[in-house]
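The file model_16.cif comes next; it holds mmCIF, C-alpha atoms and all ligand atoms.
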```cif
data_structure
loop_
_atom_site.label_atom_id
_atom_site.label_comp_id
_atom_site.auth_asym_id
_atom_site.auth_seq_id
_atom_site.Cartn_x
_atom_site.Cartn_y
_atom_site.Cartn_z
CA MET A 1103 -16.86 5.27 8.12
CA TRP A 1104 -13.92 2.87 7.78
CA LYS A 1105 -11.17 2.42 5.21
CA ALA A 1106 -8.78 -0.41 4.41
CA VAL A 1107 -5.16 -0.43 3.28
CA ILE A 1108 -3.49 -3.50 1.78
CA LEU A 1109 0.32 -3.45 1.80
CA ILE A 1110 1.34 -5.11 -1.45
CA GLY A 1111 5.14 -4.59 -1.39
CA GLY A 1112 7.02 -4.38 -4.66
CA PRO A 1113 9.30 -6.15 -7.12
CA ASP A 1114 12.18 -6.48 -4.61
CA LYS A 1115 9.91 -8.30 -2.17
CA GLY A 1116 8.55 -11.83 -2.68
CA THR A 1117 11.99 -13.30 -3.42
CA ARG A 1118 11.02 -16.59 -1.77
CA PHE A 1119 8.19 -16.80 -4.29
CA ARG A 1120 10.49 -16.86 -7.32
CA PRO A 1121 10.28 -17.94 -10.11
CA LEU A 1122 6.51 -17.35 -9.85
CA SER A 1123 6.93 -13.67 -8.93
CA LEU A 1124 9.11 -13.06 -12.01
CA ASN A 1125 6.10 -12.98 -14.38
CA GLN A 1126 3.58 -11.18 -12.24
CA PRO A 1127 3.43 -9.25 -8.92
CA LYS A 1128 3.08 -11.82 -6.14
CA PRO A 1129 -0.12 -10.20 -4.73
CA LEU A 1130 -1.84 -11.03 -8.04
CA PHE A 1131 -0.82 -14.71 -7.99
CA PRO A 1132 -4.03 -16.78 -8.15
CA VAL A 1133 -4.86 -18.79 -5.05
CA ALA A 1134 -8.08 -20.82 -5.26
CA GLY A 1135 -8.83 -19.22 -8.62
CA VAL A 1136 -8.60 -15.52 -7.72
CA PRO A 1137 -5.64 -13.17 -7.19
CA MET A 1138 -4.23 -13.47 -3.67
CA ILE A 1139 -5.44 -9.98 -2.63
CA GLN A 1140 -8.94 -10.47 -4.01
CA HIS A 1141 -9.60 -12.55 -0.88
CA HIS A 1142 -8.71 -9.45 1.20
CA ILE A 1143 -10.87 -7.22 -0.98
CA GLU A 1144 -13.90 -9.54 -0.74
CA ALA A 1145 -13.56 -9.49 3.07
CA CYS A 1146 -13.39 -5.66 3.10
CA VAL A 1147 -16.49 -5.40 0.93
CA ALA A 1148 -18.44 -7.36 3.59
CA VAL A 1149 -17.65 -4.80 6.34
CA PRO A 1150 -20.55 -2.37 6.89
CA ASN A 1151 -19.63 1.22 6.06
CA LEU A 1152 -16.16 0.44 4.69
CA GLN A 1153 -15.90 3.04 1.95
CA GLU A 1154 -12.52 2.71 0.31
CA ILE A 1155 -9.73 0.17 -0.21
CA ILE A 1156 -6.24 1.54 -0.85
CA LEU A 1157 -3.42 -0.64 -2.15
CA ILE A 1158 0.02 0.70 -1.22
CA GLY A 1159 3.15 -0.65 -2.84
CA PHE A 1160 6.07 0.11 -5.10
CA PHE A 1161 5.18 -2.06 -8.11
CA PRO A 1162 4.93 -0.11 -11.37
CA GLU A 1163 1.25 0.31 -12.21
CA ASP A 1164 1.27 -2.11 -15.15
CA GLU A 1165 -1.68 -3.46 -17.18
CA ASN A 1166 -2.07 -6.49 -14.87
CA LEU A 1167 -2.51 -4.31 -11.79
CA LYS A 1168 -4.73 -1.76 -13.59
CA ASN A 1169 -6.98 -4.49 -15.02
CA PHE A 1170 -7.28 -6.17 -11.64
CA ILE A 1171 -8.24 -2.93 -9.88
CA ASN A 1172 -10.79 -2.03 -12.61
CA HIS A 1173 -12.26 -5.53 -12.42
CA CYS A 1174 -12.66 -5.30 -8.61
CA ARG A 1175 -14.14 -1.79 -8.76
CA LYS A 1176 -16.85 -3.04 -11.12
CA GLU A 1177 -17.41 -6.41 -9.48
CA PHE A 1178 -17.64 -5.07 -5.91
CA ASN A 1179 -18.86 -1.54 -6.57
CA ILE A 1180 -16.39 0.05 -4.15
CA SER A 1181 -13.65 2.68 -4.46
CA ILE A 1182 -10.26 0.95 -4.89
CA ARG A 1183 -7.06 2.91 -5.55
CA TYR A 1184 -3.41 2.10 -5.96
CA LEU A 1185 -0.92 4.51 -4.34
CA ARG A 1186 2.63 3.93 -5.48
CA GLU A 1187 5.60 4.62 -3.21
CA PHE A 1188 8.42 6.40 -5.04
CA SER A 1189 10.85 3.99 -3.38
CA GLN A 1190 10.59 1.13 -0.92
CA MET A 1191 9.28 2.76 2.27
CA GLY A 1192 8.92 -0.27 4.54
CA THR A 1193 5.66 -1.47 5.99
CA GLY A 1194 4.95 1.87 7.75
CA GLY A 1195 6.44 4.44 5.35
CA GLY A 1196 3.66 4.30 2.77
CA LEU A 1197 1.01 4.74 5.46
CA TYR A 1198 2.75 7.93 6.61
CA HIS A 1199 3.54 9.26 3.13
CA PHE A 1200 -0.08 8.84 1.95
CA ARG A 1201 -1.68 9.84 5.28
CA ASP A 1202 -3.71 12.71 3.77
CA GLN A 1203 -5.24 10.44 1.14
CA ILE A 1204 -5.95 7.72 3.69
CA MET A 1205 -7.53 10.26 6.07
CA ALA A 1206 -9.60 11.99 3.35
CA GLY A 1207 -13.28 11.82 4.38
CA ASN A 1208 -12.29 11.45 8.04
CA PRO A 1209 -12.54 7.67 8.63
CA SER A 1210 -13.06 6.45 12.21
CA GLY A 1211 -10.33 3.84 11.78
CA ILE A 1212 -8.27 2.00 9.19
CA PHE A 1213 -7.93 -1.71 8.58
CA VAL A 1214 -4.38 -2.51 7.46
CA MET A 1215 -3.51 -5.91 6.02
CA ASN A 1216 -0.37 -7.64 4.77
CA SER A 1217 -1.02 -8.94 1.27
CA ASP A 1218 0.77 -12.23 1.88
CA VAL A 1219 -1.52 -13.70 4.50
CA CYS A 1220 -4.19 -16.32 3.89
CA CYS A 1221 -7.07 -15.97 6.29
CA ASN A 1222 -10.85 -15.85 6.50
CA PHE A 1223 -10.36 -12.16 7.45
CA PRO A 1224 -12.92 -11.85 10.25
CA LEU A 1225 -13.00 -8.06 9.82
CA SER A 1226 -16.59 -7.48 10.95
CA GLU A 1227 -15.95 -9.55 14.10
CA MET A 1228 -12.74 -7.58 14.67
CA LEU A 1229 -14.70 -4.36 14.36
CA LYS A 1230 -17.28 -5.50 16.94
CA PHE A 1231 -14.44 -6.49 19.29
CA HIS A 1232 -12.70 -3.16 18.66
CA LEU A 1233 -15.82 -1.21 19.59
CA LYS A 1234 -16.30 -3.34 22.73
CA TYR A 1235 -12.77 -3.66 24.16
CA ALA A 1236 -10.62 -0.91 22.67
CA SER A 1237 -11.44 2.77 22.94
CA PRO A 1238 -11.83 3.22 19.17
CA SER A 1239 -10.54 6.79 18.88
CA ASN A 1240 -7.33 6.07 20.84
CA SER A 1241 -6.69 2.34 20.69
CA SER A 1242 -6.06 -0.23 17.97
CA THR A 1243 -6.80 -3.92 17.49
CA ILE A 1244 -4.51 -6.64 16.14
CA LEU A 1245 -5.63 -10.03 14.80
CA ALA A 1246 -3.78 -12.79 16.65
CA THR A 1247 -3.69 -16.58 16.54
CA ASN A 1248 -2.04 -19.38 18.51
CA VAL A 1249 0.65 -21.47 16.81
CA PRO A 1250 2.82 -24.33 18.08
CA SER A 1251 5.57 -22.90 20.34
CA LYS A 1252 8.40 -23.97 17.99
CA GLU A 1253 6.85 -22.03 15.12
CA SER A 1254 6.01 -18.88 17.06
CA MET A 1255 9.56 -17.51 16.89
CA PHE A 1256 9.20 -16.93 13.12
CA TYR A 1257 6.53 -14.31 13.81
CA GLY A 1258 5.77 -11.24 15.90
CA CYS A 1259 4.80 -12.66 19.32
CA LEU A 1260 2.43 -11.00 21.73
CA VAL A 1261 1.36 -11.43 25.31
CA GLU A 1262 -2.12 -10.31 26.31
CA ASN A 1263 -4.05 -9.68 29.50
CA GLU A 1264 -6.64 -12.45 29.15
CA GLU A 1265 -9.36 -10.43 30.85
CA THR A 1266 -8.98 -7.01 29.27
CA LYS A 1267 -7.49 -8.34 25.96
CA GLU A 1268 -4.86 -5.62 26.16
CA VAL A 1269 -1.51 -6.51 24.57
CA THR A 1270 1.06 -6.14 27.34
CA HIS A 1271 4.20 -7.24 25.50
CA TYR A 1272 5.24 -7.53 21.83
CA VAL A 1273 8.46 -8.93 20.35
CA GLU A 1274 9.14 -9.28 16.63
CA LYS A 1275 10.65 -12.70 15.73
CA PRO A 1276 12.14 -13.36 19.20
CA GLU A 1277 15.26 -15.49 19.57
CA SER A 1278 13.69 -17.58 22.30
CA PHE A 1279 10.11 -18.52 23.10
CA VAL A 1280 7.92 -15.64 24.28
CA SER A 1281 4.34 -16.66 23.57
CA PRO A 1282 2.40 -18.93 21.20
CA LEU A 1283 0.14 -15.97 20.34
CA ILE A 1284 1.29 -14.33 17.11
CA ASN A 1285 0.61 -11.29 14.94
CA CYS A 1286 -1.49 -12.29 11.90
CA GLY A 1287 -0.63 -9.15 9.88
CA VAL A 1288 -4.20 -7.78 10.04
CA TYR A 1289 -4.92 -4.63 12.09
CA LEU A 1290 -7.65 -2.12 12.83
CA PHE A 1291 -5.83 1.10 13.66
CA SER A 1292 -7.10 4.26 15.27
CA THR A 1293 -6.15 7.40 13.33
CA LYS A 1294 -3.76 8.22 16.22
CA ILE A 1295 -1.12 6.07 14.49
CA PHE A 1296 -0.30 8.91 12.10
CA GLY A 1297 0.97 11.00 15.05
CA MET A 1298 3.16 8.04 16.08
CA LEU A 1299 4.54 7.69 12.59
CA ALA A 1300 5.33 11.45 12.51
CA GLU A 1301 7.24 11.05 15.79
CA ALA A 1302 9.13 8.07 14.30
CA VAL A 1303 10.10 10.17 11.25
CA LEU A 1304 11.47 12.92 13.53
CA ARG A 1305 13.35 10.36 15.65
CA ASN A 1306 14.88 8.75 12.54
CA GLN A 1307 15.93 12.14 11.18
CA GLU A 1308 17.51 13.19 14.47
CA GLU A 1309 19.43 9.90 14.59
CA MET A 1310 20.62 10.39 11.02
CA TYR A 1311 21.74 13.97 11.67
CA ALA A 1312 23.53 12.84 14.84
CA GLN A 1313 25.45 10.33 12.70
CA GLY A 1314 26.13 12.92 10.01
CA VAL A 1315 23.97 11.11 7.45
CA PHE A 1316 21.74 13.32 5.27
CA SER A 1317 19.04 11.50 3.37
CA ASP A 1318 15.42 12.22 2.53
CA SER A 1319 14.58 8.50 2.27
CA LEU A 1320 11.58 7.55 4.36
CA SER A 1321 11.44 4.02 5.68
CA LEU A 1322 9.27 3.08 8.62
CA SER A 1323 8.33 -0.26 10.11
CA LEU A 1324 4.79 -1.01 11.09
CA GLU A 1325 5.97 -3.37 13.84
CA GLN A 1326 8.68 -1.10 15.29
CA ASP A 1327 7.05 2.27 14.78
CA ILE A 1328 3.38 1.45 15.44
CA ILE A 1329 2.85 -1.93 17.14
CA MET A 1330 5.59 -1.57 19.77
CA PRO A 1331 4.75 2.03 20.77
CA LEU A 1332 1.04 1.13 20.90
CA THR A 1333 1.91 -1.76 23.25
CA ASP A 1334 4.02 0.53 25.45
CA LEU A 1335 1.10 2.94 25.69
CA GLY A 1336 -1.37 0.16 26.58
CA SER A 1337 -3.35 1.06 23.45
CA LEU A 1338 -3.32 -2.26 21.58
CA TYR A 1339 -5.92 -5.03 21.97
CA ALA A 1340 -5.72 -8.57 20.58
CA TYR A 1341 -8.65 -10.18 18.80
CA GLN A 1342 -7.89 -13.91 18.71
CA THR A 1343 -8.98 -16.12 15.85
CA THR A 1344 -9.04 -19.92 15.90
CA SER A 1345 -9.90 -20.02 12.21
CA MET A 1346 -7.56 -20.70 9.31
CA TRP A 1347 -4.49 -18.53 8.97
CA SER A 1348 -1.23 -18.95 7.10
CA GLN A 1349 1.43 -16.81 5.46
CA ILE A 1350 2.10 -17.03 1.74
CA LYS A 1351 5.85 -16.63 1.46
CA SER A 1352 7.04 -19.61 -0.58
CA ALA A 1353 5.43 -21.45 -3.49
CA ALA A 1354 4.76 -24.38 -1.12
CA SER A 1355 2.79 -22.08 1.17
CA ALA A 1356 0.70 -20.96 -1.84
CA VAL A 1357 -0.34 -24.60 -2.40
CA TYR A 1358 -1.26 -24.82 1.28
CA ALA A 1359 -3.20 -21.53 1.11
CA ASN A 1360 -4.94 -22.85 -2.02
CA LYS A 1361 -6.21 -25.77 0.04
CA LEU A 1362 -7.37 -23.50 2.89
CA TYR A 1363 -9.23 -21.06 0.61
CA LEU A 1364 -10.86 -23.93 -1.34
CA SER A 1365 -12.14 -25.40 1.94
CA LEU A 1366 -13.44 -21.95 2.96
CA TYR A 1367 -15.45 -21.77 -0.28
CA HIS A 1368 -17.89 -24.36 1.13
CA LYS A 1369 -19.12 -21.52 3.38
CA THR A 1370 -18.39 -18.40 1.35
CA HIS A 1371 -18.52 -19.26 -2.38
CA PRO A 1372 -19.88 -22.82 -2.90
CA HIS A 1373 -20.48 -22.02 -6.60
CA ARG A 1374 -16.69 -21.77 -7.06
CA LEU A 1375 -16.25 -25.47 -6.25
CA ALA A 1376 -16.46 -27.95 -9.14
CA LYS A 1377 -18.61 -31.10 -8.96
CA SER A 1378 -18.42 -34.37 -10.90
CA GLU A 1379 -21.04 -34.07 -13.66
CA GLU A 1380 -21.97 -36.22 -16.61
CA GLY A 1381 -19.65 -35.49 -19.52
CA GLY A 1382 -17.16 -33.75 -17.21
CA PRO A 1383 -14.02 -34.89 -15.40
CA MET A 1384 -14.13 -36.86 -12.17
CA ILE A 1385 -13.73 -34.50 -9.18
CA ILE A 1386 -12.44 -35.55 -5.76
CA GLY A 1387 -12.67 -33.08 -2.86
CA ASP A 1388 -12.21 -29.34 -3.34
CA VAL A 1389 -11.42 -28.21 -6.89
CA PHE A 1390 -11.73 -24.85 -8.67
CA ILE A 1391 -11.99 -24.92 -12.48
CA HIS A 1392 -12.05 -21.71 -14.52
CA PRO A 1393 -14.98 -21.82 -16.97
CA SER A 1394 -12.64 -21.37 -19.97
CA ALA A 1395 -10.57 -24.50 -19.15
CA LYS A 1396 -11.09 -27.50 -21.47
CA ILE A 1397 -10.93 -30.79 -19.60
CA ASP A 1398 -11.28 -34.31 -20.96
CA PRO A 1399 -14.00 -36.29 -19.14
CA THR A 1400 -11.52 -39.09 -18.37
CA ALA A 1401 -9.29 -36.77 -16.31
CA LEU A 1402 -9.26 -37.13 -12.52
CA LEU A 1403 -8.84 -33.91 -10.49
CA GLY A 1404 -8.51 -33.25 -6.77
CA PRO A 1405 -8.44 -32.81 -3.95
CA ASN A 1406 -7.05 -29.26 -3.51
CA VAL A 1407 -6.64 -28.34 -7.15
CA THR A 1408 -7.00 -25.01 -8.95
CA ILE A 1409 -7.24 -24.97 -12.74
CA CYS A 1410 -6.86 -21.43 -14.16
CA ALA A 1411 -8.10 -19.87 -17.41
CA ASP A 1412 -7.60 -21.50 -20.83
CA VAL A 1413 -5.90 -24.62 -19.44
CA ARG A 1414 -6.18 -27.77 -21.60
CA ILE A 1415 -6.28 -31.14 -19.89
CA SER A 1416 -6.27 -34.26 -22.07
CA ALA A 1417 -7.40 -37.85 -21.58
CA GLY A 1418 -6.35 -39.82 -18.51
CA VAL A 1419 -4.63 -36.89 -16.75
CA ARG A 1420 -4.36 -36.90 -12.95
CA VAL A 1421 -3.92 -33.70 -10.90
CA ARG A 1422 -3.79 -33.54 -7.11
CA ASN A 1423 -2.89 -30.78 -4.60
CA SER A 1424 -1.65 -28.41 -7.30
CA ILE A 1425 -2.18 -25.07 -9.01
CA ILE A 1426 -2.27 -25.10 -12.81
CA LEU A 1427 -1.81 -21.55 -14.14
CA ASN A 1428 -3.30 -19.98 -17.30
CA GLU A 1429 -2.88 -21.62 -20.70
CA VAL A 1430 -1.05 -24.72 -19.46
CA ASN A 1431 -1.38 -27.84 -21.58
CA LEU A 1432 -1.38 -31.22 -19.79
CA SER A 1433 -1.05 -33.97 -22.43
CA ASN A 1434 -2.60 -37.46 -22.34
CA HIS A 1435 -2.00 -39.48 -19.18
CA SER A 1436 0.33 -36.95 -17.57
CA CYS A 1437 0.26 -36.68 -13.80
CA VAL A 1438 0.80 -33.57 -11.66
CA LEU A 1439 1.01 -33.92 -7.86
CA ASN A 1440 1.95 -31.29 -5.23
CA SER A 1441 3.12 -28.81 -7.84
CA ILE A 1442 2.58 -25.41 -9.43
CA ILE A 1443 2.71 -25.41 -13.23
CA GLY A 1444 3.55 -21.96 -14.64
CA TRP A 1445 1.72 -19.99 -17.32
CA LYS A 1446 1.74 -21.50 -20.86
CA SER A 1447 3.82 -24.54 -19.87
CA THR A 1448 3.35 -27.89 -21.59
CA ILE A 1449 3.59 -31.30 -19.94
CA GLY A 1450 4.17 -34.20 -22.36
CA GLU A 1451 2.31 -37.51 -22.55
CA TRP A 1452 2.80 -39.96 -19.63
CA THR A 1453 5.05 -37.42 -17.90
CA ARG A 1454 4.93 -37.16 -14.12
CA VAL A 1455 5.57 -33.88 -12.30
CA GLU A 1456 5.62 -34.36 -8.58
CA GLY A 1457 6.61 -32.56 -5.39
CA THR A 1458 6.54 -33.48 -1.73
CA ALA A 1459 3.36 -32.58 0.09
CA GLN A 1460 4.06 -30.44 3.16
CA GLN A 1461 2.73 -32.19 6.22
CA PRO A 1462 1.04 -29.69 8.54
CA ASP A 1463 1.57 -30.12 12.27
CA PRO A 1464 -1.39 -32.29 13.38
CA ASN A 1465 -1.42 -30.53 16.79
CA ALA A 1466 -2.10 -27.10 15.35
CA PRO A 1467 -5.76 -26.15 14.79
CA PHE A 1468 -4.67 -24.74 11.46
CA ALA A 1469 -1.08 -25.54 10.76
CA LYS A 1470 1.03 -22.74 9.41
CA ILE A 1471 3.65 -23.42 6.82
CA VAL A 1472 6.50 -21.06 7.50
CA SER A 1473 8.65 -19.62 4.75
CA GLY A 1474 10.89 -22.68 4.55
CA SER A 1475 14.43 -22.40 3.32
CA LEU A 1476 15.12 -23.79 -0.15
CA PHE A 1477 18.15 -25.66 1.19
CA ASP A 1478 18.74 -27.86 4.23
CA HIS A 1479 21.73 -27.52 6.60
CA GLU A 1480 23.88 -29.62 4.24
CA GLY A 1481 23.12 -27.30 1.34
CA LYS A 1482 20.82 -29.82 -0.38
CA LEU A 1483 17.52 -28.71 -1.87
CA SER A 1484 14.85 -29.29 0.80
CA PRO A 1485 12.05 -31.58 -0.32
CA SER A 1486 9.22 -29.33 -1.38
CA ILE A 1487 6.61 -28.94 -4.04
CA THR A 1488 7.73 -28.85 -7.68
CA VAL A 1489 7.45 -25.44 -9.34
CA LEU A 1490 7.64 -24.87 -13.09
CA GLY A 1491 8.02 -21.23 -14.16
CA GLY A 1492 6.14 -19.90 -17.20
CA ASN A 1493 6.66 -21.36 -20.71
CA VAL A 1494 8.40 -24.52 -19.53
CA ASN A 1495 8.16 -27.51 -21.86
CA VAL A 1496 8.51 -30.98 -20.33
CA GLU A 1497 8.89 -33.72 -22.94
CA SER A 1498 6.87 -36.94 -22.89
CA GLU A 1499 7.61 -39.86 -20.54
CA ILE A 1500 9.74 -37.91 -18.07
CA VAL A 1501 9.70 -37.75 -14.28
CA VAL A 1502 10.30 -34.38 -12.60
CA LEU A 1503 10.56 -34.72 -8.83
CA ASN A 1504 11.03 -31.93 -6.23
CA ALA A 1505 12.41 -29.49 -8.76
CA ILE A 1506 12.27 -25.76 -9.35
CA VAL A 1507 12.43 -24.90 -13.03
CA LEU A 1508 13.01 -21.35 -14.24
CA PRO A 1509 10.81 -19.90 -17.01
CA GLY A 1510 11.33 -20.93 -20.64
CA LYS A 1511 13.24 -24.17 -19.98
CA ASP A 1512 12.92 -27.29 -22.10
CA LEU A 1513 13.20 -30.48 -20.00
CA LYS A 1514 14.22 -33.50 -22.07
CA SER A 1515 15.38 -35.85 -19.30
CA CYS A 1516 14.26 -36.85 -15.81
CA THR A 1517 15.25 -34.59 -12.94
CA LYS A 1518 15.11 -34.92 -9.16
CA ASN A 1519 15.90 -32.47 -6.31
CA GLN A 1520 17.30 -29.83 -8.65
CA ILE A 1521 16.93 -26.20 -9.51
CA ILE A 1522 17.03 -25.87 -13.30
CA LEU A 1523 18.44 -22.41 -14.06
P1 LIG B 1 9.51 -11.56 6.52
O1 LIG B 1 9.28 -12.86 7.23
O2 LIG B 1 10.88 -11.01 6.67
O3 LIG B 1 9.05 -11.59 5.09
O4 LIG B 1 8.63 -10.47 7.31
P2 LIG B 1 7.08 -10.27 7.32
O5 LIG B 1 6.33 -11.55 7.20
O6 LIG B 1 6.72 -9.37 8.46
O7 LIG B 1 6.85 -9.56 5.94
P3 LIG B 1 7.24 -8.10 5.50
O8 LIG B 1 7.38 -7.22 6.69
O9 LIG B 1 8.39 -8.16 4.57
O10 LIG B 1 5.94 -7.72 4.69
C1 LIG B 1 4.66 -7.66 5.25
C2 LIG B 1 3.71 -7.13 4.16
O11 LIG B 1 4.08 -5.79 3.85
C3 LIG B 1 3.75 -7.90 2.86
O12 LIG B 1 2.45 -7.93 2.35
C4 LIG B 1 4.65 -7.07 1.97
O13 LIG B 1 4.28 -7.18 0.62
C5 LIG B 1 4.40 -5.66 2.48
N1 LIG B 1 5.58 -4.81 2.41
C6 LIG B 1 6.84 -5.10 2.81
N2 LIG B 1 7.67 -4.06 2.59
C7 LIG B 1 6.92 -3.08 2.03
C8 LIG B 1 7.18 -1.76 1.56
O14 LIG B 1 8.30 -1.25 1.59
N3 LIG B 1 6.12 -1.06 1.08
C9 LIG B 1 4.86 -1.58 1.01
N4 LIG B 1 3.90 -0.83 0.52
N5 LIG B 1 4.56 -2.82 1.41
C10 LIG B 1 5.58 -3.55 1.93
#
```

Show how you would write the structure in this file as C-alpha cells.
Ligand code: GTP
Amino acid sequence: MWKAVILIGGPDKGTRFRPLSLNQPKPLFPVAGVPMIQHHIEACVAVPNLQEIILIGFFPEDENLKNFINHCRKEFNISIRYLREFSQMGTGGGLYHFRDQIMAGNPSGIFVMNSDVCCNFPLSEMLKFHLKYASPSNSSTILATNVPSKESMFYGCLVENEETKEVTHYVEKPESFVSPLINCGVYLFSTKIFGMLAEAVLRNQEEMYAQGVFSDSLSLSLEQDIIMPLTDLGSLYAYQTTSMWSQIKSAASAVYANKLYLSLYHKTHPHRLAKSEEGGPMIIGDVFIHPSAKIDPTALLGPNVTICADVRISAGVRVRNSIILNEVNLSNHSCVLNSIIGWKSTIGEWTRVEGTAQQPDPNAPFAKIVSGSLFDHEGKLSPSITVLGGNVNVESEIVVLNAIVLPGKDLKSCTKNQIIL
C-alpha cells in the first residue's frame, strides 16, 4: 500500500505569483481548467494501491480548500485529507510533525510532491523503477530531468551512476555548474526517512542549545535533511524523465504550464479540449472552455487558451496563449494575448491586453521557464506576460502592454511596462 503527500505551502509562499495568489491559495490556481494540484491528484489516483493523498500546508482551511477537497474525494473516490501546520515548518517539517498520520495503515512507501511543479507525473513508472533499482524498504527514488546547463543552477542538481542509477552527489542550487540533471520535486520515499528527520530535529535542537537559543519551532528542509543524507548513504536512486516538466513560480510560468497541460490532454483527457463546431467560436490549437462560459460564435480562441467558469466573450474577440479566470467579461472586439485576466475583470470594447510570450529554449526537450525576476539589472520591469488581478476594469479602446495590475484597479488610459499598484 502506498500513500502520497503534496506539499502545498502557505500564504507566505508564492510571492512571485502575486497578485494572483492574493485572492486564492496558489495551489488552487487553475491551469488548463483545473486547480494546479488536481493534476497531481489525478496522477496519484492512477497508481495501483495508492490509498490516501495528504495535503500538508499552512493555509487556513477556508471554503475554497474544503470545497476542492470534497470535490476530489467524490470525483476520484479516494481518501484526501488536509493537515495544517501550526506554523511554517519548511518542506520537511510537516512530514515529520504528521509522521503518525502519514504512517497510519503502514504504507510501503510515500510519494511526496511539490505543489508548484507541472509534469505528467509518471508515478507508476517511478514505482516500477523503484521496485527494480532501489531496495524499497531502505532506499528512495527521485524524479530527475535534464535541463540546459545554464538553467541547472536554479535547481537541485544531482549526479548519478549511469549503470546503477544511484545518486552519488547532490547540490541544492549550486553556484557553478555541477550537472544538467535536476531534482523535479517528485519523490518516492522509503519510510526510513522519518528516522532521518528525527535525527535532524535532534541535531537542530543541539545546535540551538549550544548557541543558547531556546525555541520549540520545528523547521526542516526536505533537500538538506532527507535528500542529502540519503545521497551520503547511497540510498537514493534517480528515475529520469524526458517528458514535460516545469516549475510554476511566476504568472508567466503558469501560462507556460497551461500550454504543457493542454498538450498533455490529447493523451490523457481529450474530452477537455474544445473543437470548432457549428454555432460555436473558431478554435485554433489547444483550448479548454468551461461548459458555463458564454462565447460568441465570431470569437477566435487559441492556441493555448483556458477559459474558466462563467466567462463572457463577445463578438469579434481574439484570445491567444492566455488564461481567462472565472466571471471575466471580454467586450466586443477586444484582444487578449499572452496574459492572465483575473476573476471578475472586464475588458472594454476594442481594448488590447498583451504580454510578451516567453520563448522556450529550442535546445531543451521541454524548456523550463525559471522563476524570472520581475525587474532587469537596470531596475526596469522585465518583459513578461500581462497579469490583471481580480476585479480590474479596463476601459474601451485602450492598450495594456507588459503590465501587472493589482486587484480592483480601473484603467482609463494606455499603459506599458508598468506595475499598477
Ligand atoms: P524556491 O526556488 O526558493 O522557491 O525553492 P523551491 O523551488 O525548492 O521551492 P520551495 O522549497 O520553496 O517549495 C517547494 C514546495 O514545498 C512548494 O510546493 C511549496 O509550496 C512547498 N513548501 C515550501 N515551504 C513549505 C512549508 O513550510 N510547509 C509546507 N507544507 N510546504 C512548503

Pick out the residues no farther than 9 Å from ligand LIG 1 (chain B), counting all atoms listed in the file, and list them as a CSV table (one decimal) with C-alpha atoms, in the frame of the given file.
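As written to disk, selection04.csv reads:
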```csv
chain,number,residue,atom,x,y,z
A,1108,ILE,CA,-3.5,-3.5,1.8
A,1109,LEU,CA,0.3,-3.4,1.8
A,1110,ILE,CA,1.3,-5.1,-1.4
A,1111,GLY,CA,5.1,-4.6,-1.4
A,1112,GLY,CA,7.0,-4.4,-4.7
A,1114,ASP,CA,12.2,-6.5,-4.6
A,1115,LYS,CA,9.9,-8.3,-2.2
A,1116,GLY,CA,8.6,-11.8,-2.7
A,1118,ARG,CA,11.0,-16.6,-1.8
A,1128,LYS,CA,3.1,-11.8,-6.1
A,1129,PRO,CA,-0.1,-10.2,-4.7
A,1157,LEU,CA,-3.4,-0.6,-2.2
A,1158,ILE,CA,0.0,0.7,-1.2
A,1159,GLY,CA,3.2,-0.6,-2.8
A,1160,PHE,CA,6.1,0.1,-5.1
A,1161,PHE,CA,5.2,-2.1,-8.1
A,1185,LEU,CA,-0.9,4.5,-4.3
A,1186,ARG,CA,2.6,3.9,-5.5
A,1187,GLU,CA,5.6,4.6,-3.2
A,1189,SER,CA,10.8,4.0,-3.4
A,1190,GLN,CA,10.6,1.1,-0.9
A,1191,MET,CA,9.3,2.8,2.3
A,1192,GLY,CA,8.9,-0.3,4.5
A,1193,THR,CA,5.7,-1.5,6.0
A,1194,GLY,CA,5.0,1.9,7.8
A,1195,GLY,CA,6.4,4.4,5.4
A,1196,GLY,CA,3.7,4.3,2.8
A,1197,LEU,CA,1.0,4.7,5.5
A,1215,MET,CA,-3.5,-5.9,6.0
A,1216,ASN,CA,-0.4,-7.6,4.8
A,1217,SER,CA,-1.0,-8.9,1.3
A,1218,ASP,CA,0.8,-12.2,1.9
A,1219,VAL,CA,-1.5,-13.7,4.5
A,1256,PHE,CA,9.2,-16.9,13.1
A,1257,TYR,CA,6.5,-14.3,13.8
A,1258,GLY,CA,5.8,-11.2,15.9
A,1274,GLU,CA,9.1,-9.3,16.6
A,1275,LYS,CA,10.6,-12.7,15.7
A,1287,GLY,CA,-0.6,-9.2,9.9
A,1321,SER,CA,11.4,4.0,5.7
A,1322,LEU,CA,9.3,3.1,8.6
A,1323,SER,CA,8.3,-0.3,10.1
A,1324,LEU,CA,4.8,-1.0,11.1
A,1325,GLU,CA,6.0,-3.4,13.8
A,1349,GLN,CA,1.4,-16.8,5.5
A,1350,ILE,CA,2.1,-17.0,1.7
A,1351,LYS,CA,5.8,-16.6,1.5
A,1472,VAL,CA,6.5,-21.1,7.5
A,1473,SER,CA,8.6,-19.6,4.8
```

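Considering the residues A:Pro1282, A:Pro1399, A:Gly1381, A:Gly1336 and counting only C-alpha atoms, A:Ser1237 has its shortest atom-to-atom contact with A:Gly1336.
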
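Minimum atom-to-atom distance to A:Ile1391, evaluated using all atoms listed in the file, belongs to A:Val1136 out of A:Cys1220, A:Leu1130, A:Ala1106, A:Val1136.
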
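Among the candidate residues A:Val1438, A:Val1249, A:Leu1122, A:Val1149, the one lying nearest to A:Gly1492 is A:Leu1122, with distances computed using all atoms listed in the file.
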
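Taking atom CA of A:Val1494 as the reference point, atom CA of A:Ala1401 is found at 21.8 Å.
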
>> For a quick check of understanding, using all atoms listed in the file, which of A:Ser1181, A:Ser1348, A:Ser1424, A:Ser1317 has the smallest distance to A:Asn1285?
In response: A:Ser1348

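Among the candidates A:Asn1179, A:Gln1342, A:Ala1411, A:Phe1390, the one nearest to A:Glu1264 when counting all atoms listed in the file is A:Gln1342.
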
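Coordinates place atom CA of A:Thr1243 at a distance of 19.3 Å from atom CA of A:Gln1153.
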
> Taking into account all atoms listed in the file, which residue in the set A:Cys1437, A:Ile1522, A:Ile1397, A:Val1303 is nearest to A:Glu1499?
Replying inline: A:Cys1437
